[in-house]
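The data block below is data_38.cif; it holds mmCIF, N, CA and C atoms and all ligand atoms.
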data_structure
loop_
_atom_site.label_atom_id
_atom_site.label_comp_id
_atom_site.auth_asym_id
_atom_site.auth_seq_id
_atom_site.Cartn_x
_atom_site.Cartn_y
_atom_site.Cartn_z
N MET A 743 -135.73 138.87 17.96
CA MET A 743 -136.32 139.03 16.63
C MET A 743 -136.67 140.50 16.40
N LYS A 744 -136.28 141.02 15.26
CA LYS A 744 -136.59 142.42 14.96
C LYS A 744 -137.91 142.51 14.22
N LYS A 745 -138.55 143.66 14.38
CA LYS A 745 -139.79 143.90 13.64
C LYS A 745 -139.58 145.08 12.70
N PHE A 746 -140.25 144.98 11.56
CA PHE A 746 -140.15 146.04 10.56
C PHE A 746 -141.55 146.48 10.17
N LEU A 747 -141.67 147.78 9.92
CA LEU A 747 -142.94 148.33 9.48
C LEU A 747 -142.82 148.64 7.99
N LEU A 748 -143.75 148.11 7.22
CA LEU A 748 -143.79 148.38 5.78
C LEU A 748 -144.89 149.40 5.55
N VAL A 749 -144.58 150.42 4.78
CA VAL A 749 -145.55 151.48 4.54
C VAL A 749 -145.60 151.82 3.05
N THR A 750 -146.78 151.97 2.51
CA THR A 750 -146.91 152.46 1.16
C THR A 750 -148.04 153.46 1.09
N ASN A 751 -147.87 154.45 0.24
CA ASN A 751 -148.96 155.39 0.03
C ASN A 751 -149.89 154.80 -1.02
N SER A 752 -150.91 154.14 -0.55
CA SER A 752 -151.77 153.38 -1.45
C SER A 752 -152.65 154.28 -2.31
N GLY A 753 -152.77 155.56 -1.94
CA GLY A 753 -153.62 156.47 -2.71
C GLY A 753 -152.98 156.96 -3.99
N GLN A 754 -151.67 156.75 -4.13
CA GLN A 754 -150.98 157.29 -5.30
C GLN A 754 -150.67 156.21 -6.32
N LYS A 755 -150.66 156.64 -7.56
CA LYS A 755 -150.28 155.73 -8.63
C LYS A 755 -148.79 155.43 -8.51
N GLY A 756 -148.43 154.22 -8.82
CA GLY A 756 -147.01 153.86 -8.73
C GLY A 756 -146.49 153.91 -7.32
N CYS A 757 -147.32 153.52 -6.38
CA CYS A 757 -146.88 153.58 -4.98
C CYS A 757 -145.77 152.56 -4.73
N ARG A 758 -144.96 152.90 -3.76
CA ARG A 758 -143.80 152.08 -3.42
C ARG A 758 -143.80 151.79 -1.93
N TRP A 759 -143.41 150.58 -1.61
CA TRP A 759 -143.28 150.20 -0.20
C TRP A 759 -141.94 150.66 0.34
N HIS A 760 -142.01 151.34 1.48
CA HIS A 760 -140.79 151.70 2.20
C HIS A 760 -140.75 150.91 3.50
N ILE A 761 -139.55 150.71 3.99
CA ILE A 761 -139.35 149.81 5.12
C ILE A 761 -138.70 150.55 6.29
N PHE A 762 -139.36 150.50 7.42
CA PHE A 762 -138.82 151.10 8.65
C PHE A 762 -138.47 149.98 9.61
N GLN A 763 -137.28 150.05 10.16
CA GLN A 763 -137.01 149.13 11.27
C GLN A 763 -137.71 149.71 12.49
N GLN A 764 -138.36 148.86 13.28
CA GLN A 764 -139.11 149.35 14.41
C GLN A 764 -138.23 150.21 15.31
N GLY A 765 -138.74 151.41 15.60
CA GLY A 765 -137.97 152.32 16.45
C GLY A 765 -137.19 153.36 15.65
N ASP A 766 -136.96 153.13 14.35
CA ASP A 766 -136.24 154.09 13.52
C ASP A 766 -137.16 155.23 13.10
N GLU A 767 -136.57 156.41 12.96
CA GLU A 767 -137.33 157.58 12.55
C GLU A 767 -137.44 157.70 11.03
N GLU A 768 -136.55 157.04 10.32
CA GLU A 768 -136.56 157.11 8.87
C GLU A 768 -136.59 155.70 8.30
N CYS A 769 -137.12 155.60 7.05
CA CYS A 769 -137.06 154.30 6.40
C CYS A 769 -135.60 154.02 6.03
N LEU A 770 -135.34 152.81 5.57
CA LEU A 770 -133.96 152.40 5.31
C LEU A 770 -133.28 153.23 4.22
N CYS A 771 -134.06 153.73 3.23
CA CYS A 771 -133.44 154.54 2.19
C CYS A 771 -133.46 156.03 2.55
N LYS A 772 -134.04 156.35 3.69
CA LYS A 772 -134.05 157.70 4.24
C LYS A 772 -134.84 158.73 3.42
N LYS A 773 -135.74 158.25 2.57
CA LYS A 773 -136.57 159.18 1.81
C LYS A 773 -137.87 159.48 2.53
N TYR A 774 -138.21 158.68 3.49
CA TYR A 774 -139.51 158.73 4.11
C TYR A 774 -139.27 158.74 5.62
N SER A 775 -139.89 159.70 6.31
CA SER A 775 -139.70 159.71 7.76
C SER A 775 -140.99 159.29 8.45
N ALA A 776 -140.84 158.86 9.67
CA ALA A 776 -142.01 158.36 10.42
C ALA A 776 -143.09 159.44 10.50
N GLY A 777 -142.69 160.71 10.55
CA GLY A 777 -143.65 161.81 10.62
C GLY A 777 -144.49 161.95 9.37
N GLN A 778 -143.99 161.46 8.23
CA GLN A 778 -144.74 161.57 6.98
C GLN A 778 -145.75 160.45 6.80
N VAL A 779 -145.66 159.44 7.64
CA VAL A 779 -146.57 158.30 7.49
C VAL A 779 -147.96 158.74 7.88
N ASP A 780 -148.88 158.55 6.97
CA ASP A 780 -150.26 158.97 7.15
C ASP A 780 -151.08 157.77 7.63
N ALA A 781 -152.07 158.05 8.42
CA ALA A 781 -152.94 156.96 8.90
C ALA A 781 -153.65 156.25 7.74
N LYS A 782 -153.80 156.95 6.63
CA LYS A 782 -154.47 156.35 5.47
C LYS A 782 -153.55 155.40 4.69
N ASP A 783 -152.25 155.55 4.92
CA ASP A 783 -151.30 154.70 4.19
C ASP A 783 -151.47 153.24 4.59
N SER A 784 -151.21 152.37 3.64
CA SER A 784 -151.22 150.95 3.98
C SER A 784 -149.98 150.63 4.79
N GLN A 785 -150.19 149.91 5.86
CA GLN A 785 -149.07 149.57 6.73
C GLN A 785 -149.15 148.10 7.10
N LYS A 786 -147.97 147.55 7.29
CA LYS A 786 -147.92 146.14 7.64
C LYS A 786 -146.69 145.93 8.50
N THR A 787 -146.84 145.16 9.56
CA THR A 787 -145.68 144.86 10.41
C THR A 787 -145.26 143.42 10.19
N VAL A 788 -143.99 143.22 9.95
CA VAL A 788 -143.48 141.87 9.72
C VAL A 788 -142.22 141.65 10.56
N THR A 789 -141.88 140.40 10.76
CA THR A 789 -140.64 140.09 11.48
C THR A 789 -139.48 140.09 10.47
N ASP A 790 -138.26 140.11 10.98
CA ASP A 790 -137.10 140.11 10.09
C ASP A 790 -137.08 138.88 9.18
N GLY A 791 -137.50 137.73 9.71
CA GLY A 791 -137.52 136.51 8.89
C GLY A 791 -138.50 136.61 7.73
N GLU A 792 -139.69 137.11 8.04
CA GLU A 792 -140.71 137.26 7.00
C GLU A 792 -140.26 138.27 5.95
N LEU A 793 -139.66 139.34 6.43
CA LEU A 793 -139.22 140.40 5.52
C LEU A 793 -138.11 139.89 4.60
N THR A 794 -137.17 139.16 5.16
CA THR A 794 -136.07 138.64 4.34
C THR A 794 -136.62 137.79 3.20
N GLU A 795 -137.61 137.00 3.53
CA GLU A 795 -138.19 136.12 2.51
C GLU A 795 -138.90 136.93 1.43
N LEU A 796 -139.67 137.91 1.85
CA LEU A 796 -140.38 138.76 0.88
C LEU A 796 -139.39 139.47 -0.04
N LEU A 797 -138.31 139.96 0.54
CA LEU A 797 -137.34 140.72 -0.25
C LEU A 797 -136.57 139.81 -1.20
N TRP A 798 -136.19 138.66 -0.71
CA TRP A 798 -135.44 137.73 -1.55
C TRP A 798 -136.26 137.28 -2.74
N GLU A 799 -137.51 137.02 -2.47
CA GLU A 799 -138.35 136.52 -3.54
C GLU A 799 -138.95 137.67 -4.33
N ASP A 800 -138.60 138.89 -3.94
CA ASP A 800 -139.07 140.10 -4.60
C ASP A 800 -140.59 140.14 -4.70
N GLN A 801 -141.21 139.72 -3.61
CA GLN A 801 -142.66 139.79 -3.54
C GLN A 801 -143.01 141.01 -2.72
N SER A 802 -143.83 141.88 -3.26
CA SER A 802 -144.22 143.01 -2.44
C SER A 802 -145.38 142.55 -1.56
N PRO A 803 -145.59 143.25 -0.46
CA PRO A 803 -146.64 142.81 0.47
C PRO A 803 -148.06 143.18 0.03
N GLY A 804 -148.24 143.72 -1.13
CA GLY A 804 -149.59 144.08 -1.58
C GLY A 804 -149.50 144.95 -2.80
N LEU A 805 -150.34 145.96 -2.84
CA LEU A 805 -150.35 146.88 -3.97
C LEU A 805 -148.99 147.56 -4.13
N GLY A 806 -148.57 147.72 -5.36
CA GLY A 806 -147.32 148.45 -5.61
C GLY A 806 -146.10 147.57 -5.40
N SER A 807 -144.95 148.13 -5.72
CA SER A 807 -143.72 147.35 -5.58
C SER A 807 -142.83 148.00 -4.52
N TRP A 808 -141.70 147.37 -4.26
CA TRP A 808 -140.75 147.91 -3.29
C TRP A 808 -140.09 149.17 -3.83
N ALA A 809 -139.82 150.11 -2.95
CA ALA A 809 -138.91 151.21 -3.29
C ALA A 809 -137.54 150.54 -3.41
N GLU A 810 -136.96 150.59 -4.60
CA GLU A 810 -135.79 149.77 -4.88
C GLU A 810 -134.62 150.01 -3.91
N THR A 811 -134.34 151.29 -3.64
CA THR A 811 -133.22 151.57 -2.74
C THR A 811 -133.50 151.05 -1.33
N CYS A 812 -134.74 151.22 -0.93
CA CYS A 812 -135.13 150.75 0.40
C CYS A 812 -134.97 149.22 0.48
N ARG A 813 -135.36 148.55 -0.57
CA ARG A 813 -135.24 147.09 -0.61
C ARG A 813 -133.77 146.67 -0.49
N GLU A 814 -132.92 147.32 -1.28
CA GLU A 814 -131.50 146.95 -1.25
C GLU A 814 -130.86 147.21 0.11
N LYS A 815 -131.16 148.38 0.67
CA LYS A 815 -130.57 148.73 1.97
C LYS A 815 -131.03 147.76 3.06
N THR A 816 -132.30 147.40 2.97
CA THR A 816 -132.85 146.50 3.99
C THR A 816 -132.22 145.12 3.87
N LEU A 817 -132.08 144.65 2.63
CA LEU A 817 -131.43 143.34 2.43
C LEU A 817 -130.01 143.36 2.97
N GLU A 818 -129.31 144.46 2.70
CA GLU A 818 -127.94 144.59 3.21
C GLU A 818 -127.93 144.48 4.73
N ARG A 819 -128.86 145.19 5.33
CA ARG A 819 -128.90 145.17 6.78
C ARG A 819 -129.27 143.79 7.31
N LEU A 820 -130.26 143.19 6.68
CA LEU A 820 -130.72 141.88 7.16
C LEU A 820 -129.67 140.80 6.95
N THR A 821 -129.09 140.78 5.75
CA THR A 821 -128.17 139.68 5.48
C THR A 821 -126.81 139.96 6.10
N GLY A 822 -126.51 141.26 6.32
CA GLY A 822 -125.24 141.59 6.98
C GLY A 822 -125.26 141.17 8.44
N GLU A 823 -126.43 141.25 9.04
CA GLU A 823 -126.51 140.97 10.48
C GLU A 823 -126.98 139.57 10.76
N LYS A 824 -127.66 139.03 9.80
CA LYS A 824 -128.36 137.80 10.08
C LYS A 824 -127.78 136.61 9.35
N GLN A 825 -127.59 135.57 10.06
CA GLN A 825 -127.21 134.30 9.47
C GLN A 825 -128.21 133.29 9.99
N PHE A 826 -128.83 132.59 9.09
CA PHE A 826 -129.67 131.51 9.54
C PHE A 826 -128.77 130.31 9.78
N SER A 827 -129.26 129.36 10.56
CA SER A 827 -128.54 128.10 10.59
C SER A 827 -129.55 126.97 10.65
N CYS A 828 -129.13 125.86 10.10
CA CYS A 828 -130.00 124.69 10.08
C CYS A 828 -130.07 124.14 11.49
N SER A 829 -131.28 123.97 12.02
CA SER A 829 -131.38 123.49 13.40
C SER A 829 -131.21 121.98 13.48
N ILE A 830 -131.08 121.31 12.34
CA ILE A 830 -130.85 119.86 12.35
C ILE A 830 -129.35 119.56 12.40
N CYS A 831 -128.58 120.18 11.51
CA CYS A 831 -127.14 119.89 11.46
C CYS A 831 -126.27 121.08 11.85
N GLY A 832 -126.90 122.25 12.04
CA GLY A 832 -126.13 123.41 12.50
C GLY A 832 -125.38 124.17 11.43
N GLN A 833 -125.53 123.78 10.18
CA GLN A 833 -124.81 124.47 9.11
C GLN A 833 -125.31 125.91 8.95
N PRO A 834 -124.40 126.88 8.94
CA PRO A 834 -124.85 128.27 8.76
C PRO A 834 -125.23 128.54 7.30
N ILE A 835 -126.31 129.28 7.11
CA ILE A 835 -126.81 129.58 5.77
C ILE A 835 -127.25 131.04 5.79
N SER A 836 -126.88 131.76 4.73
CA SER A 836 -127.04 133.21 4.81
C SER A 836 -128.43 133.73 4.52
N ASN A 837 -129.29 132.93 3.93
CA ASN A 837 -130.63 133.45 3.67
C ASN A 837 -131.67 132.34 3.70
N ILE A 838 -132.91 132.78 3.80
CA ILE A 838 -133.98 131.80 4.00
C ILE A 838 -134.20 130.90 2.79
N SER A 839 -133.97 131.45 1.58
CA SER A 839 -134.13 130.62 0.39
C SER A 839 -133.13 129.46 0.43
N GLY A 840 -131.91 129.79 0.82
CA GLY A 840 -130.87 128.77 0.93
C GLY A 840 -131.22 127.75 1.99
N LEU A 841 -131.79 128.23 3.08
CA LEU A 841 -132.18 127.34 4.16
C LEU A 841 -133.26 126.35 3.71
N LYS A 842 -134.22 126.87 2.94
CA LYS A 842 -135.29 125.99 2.43
C LYS A 842 -134.74 124.90 1.53
N ILE A 843 -133.84 125.30 0.64
CA ILE A 843 -133.25 124.33 -0.28
C ILE A 843 -132.45 123.30 0.51
N HIS A 844 -131.70 123.81 1.49
CA HIS A 844 -130.88 122.92 2.30
C HIS A 844 -131.74 121.89 3.05
N VAL A 845 -132.78 122.32 3.76
CA VAL A 845 -133.56 121.35 4.54
C VAL A 845 -134.30 120.36 3.64
N SER A 846 -134.74 120.82 2.46
CA SER A 846 -135.45 119.87 1.62
C SER A 846 -134.50 118.89 0.94
N ARG A 847 -133.36 119.38 0.44
CA ARG A 847 -132.44 118.47 -0.27
C ARG A 847 -131.63 117.61 0.68
N THR A 848 -131.13 118.22 1.75
CA THR A 848 -130.21 117.49 2.63
C THR A 848 -130.96 116.60 3.61
N HIS A 849 -132.07 117.12 4.12
CA HIS A 849 -132.76 116.37 5.18
C HIS A 849 -134.12 115.82 4.75
N GLY A 850 -134.53 116.12 3.51
CA GLY A 850 -135.81 115.63 3.03
C GLY A 850 -137.01 116.19 3.80
N LYS A 851 -136.83 117.39 4.36
CA LYS A 851 -137.91 118.02 5.13
C LYS A 851 -138.68 118.99 4.23
N PRO A 852 -139.95 119.23 4.59
CA PRO A 852 -140.71 120.19 3.79
C PRO A 852 -140.20 121.62 4.00
N MET A 853 -140.53 122.47 3.04
CA MET A 853 -140.16 123.89 3.10
C MET A 853 -140.61 124.54 4.42
N GLU A 854 -141.75 124.07 4.93
CA GLU A 854 -142.28 124.67 6.16
C GLU A 854 -141.31 124.50 7.33
N ALA A 855 -140.55 123.42 7.30
CA ALA A 855 -139.58 123.19 8.38
C ALA A 855 -138.56 124.33 8.40
N ALA A 856 -138.15 124.78 7.22
CA ALA A 856 -137.19 125.88 7.13
C ALA A 856 -137.83 127.17 7.63
N GLU A 857 -139.10 127.35 7.30
CA GLU A 857 -139.78 128.56 7.76
C GLU A 857 -139.87 128.58 9.29
N GLU A 858 -140.12 127.41 9.87
CA GLU A 858 -140.17 127.34 11.33
C GLU A 858 -138.81 127.67 11.95
N MET A 859 -137.76 127.14 11.35
CA MET A 859 -136.41 127.43 11.86
C MET A 859 -136.14 128.92 11.79
N ALA A 860 -136.50 129.52 10.66
CA ALA A 860 -136.24 130.94 10.46
C ALA A 860 -137.07 131.77 11.43
N ALA A 861 -138.30 131.34 11.66
CA ALA A 861 -139.18 132.09 12.57
C ALA A 861 -138.64 132.09 13.99
N LYS A 862 -137.95 131.02 14.35
CA LYS A 862 -137.36 130.95 15.68
C LYS A 862 -136.06 131.74 15.77
N GLY A 863 -135.66 132.34 14.67
CA GLY A 863 -134.47 133.16 14.70
C GLY A 863 -133.27 132.48 14.08
N GLY A 864 -133.44 131.25 13.62
CA GLY A 864 -132.35 130.57 12.93
C GLY A 864 -131.17 130.36 13.85
N ALA A 865 -130.12 131.12 13.64
CA ALA A 865 -128.86 130.93 14.34
C ALA A 865 -129.01 130.98 15.86
ZN ZN B 901 -137.41 154.09 1.82
ZN ZN B 902 -128.91 120.74 7.91
#
Would you give me this structure, written as structure tokens?
Ligand SMILES: [Zn+2]
Ligand SMILES: [Zn+2]
Amino acid sequence: MKKFLLVTNSGQKGCRWHIFQQGDEECLCKKYSAGQVDAKDSQKTVTDGELTELLWEDQSPGLGSWAETCREKTLERLTGEKQFSCSICGQPISNISGLKIHVSRTHGKPMEAAEEMAAKGGA
């Protein structure tokens, strides 16, 4: 499971969340480097599954919205590398929203079941 660091400059108007993959020196859109991250900035660490869900549903993790390029690049990386699969029937599904719909419609399971599958890494 990969971890991502979300950072926003909460002191500025119109702040934007940038996304760093753990271990990377630059955010995904390359506008922000790890050296520029200030201790005062809002930071949040999430797993790849949690991040995929936030990005798909276009929910920002708090104040401000996503830096659009960073969001797109991160989604590309996440969905390009990641395939979820249903742990009940094994069907591959490319994103967590699809997985939720699949488990609820096909298997009559609650949405939480899909979240658990995704948290375990899906595929
Ligand atoms: Zn960025
Ligand atoms: Zn299934």
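Across the model, the gap from CA of Ser802 (chain A) to atom ZN of ligand ZN 902 (chain B) is 28.9 Å.
With atom C of Val779 (chain A) on one side and atom N of Ser807 (chain A) on the other, the separation reads 17.5 Å.
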Between CA of Gly791 (chain A) and CA of Ala860 (chain A) - distance in Å to one decimal: 5.9 Å
Strand (DSSP E) per DSSP on the backbone: members of region 760-826 of chain A, as a PyMOL selection string: chain A and resi 760-763+784-789+807-808+826
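Proximity ranking of A:Glu792, A:Gln801, A:Leu820, A:His849 relative to ligand ZN 902 (chain B) places A:His849 first, based on all atoms listed in the file.
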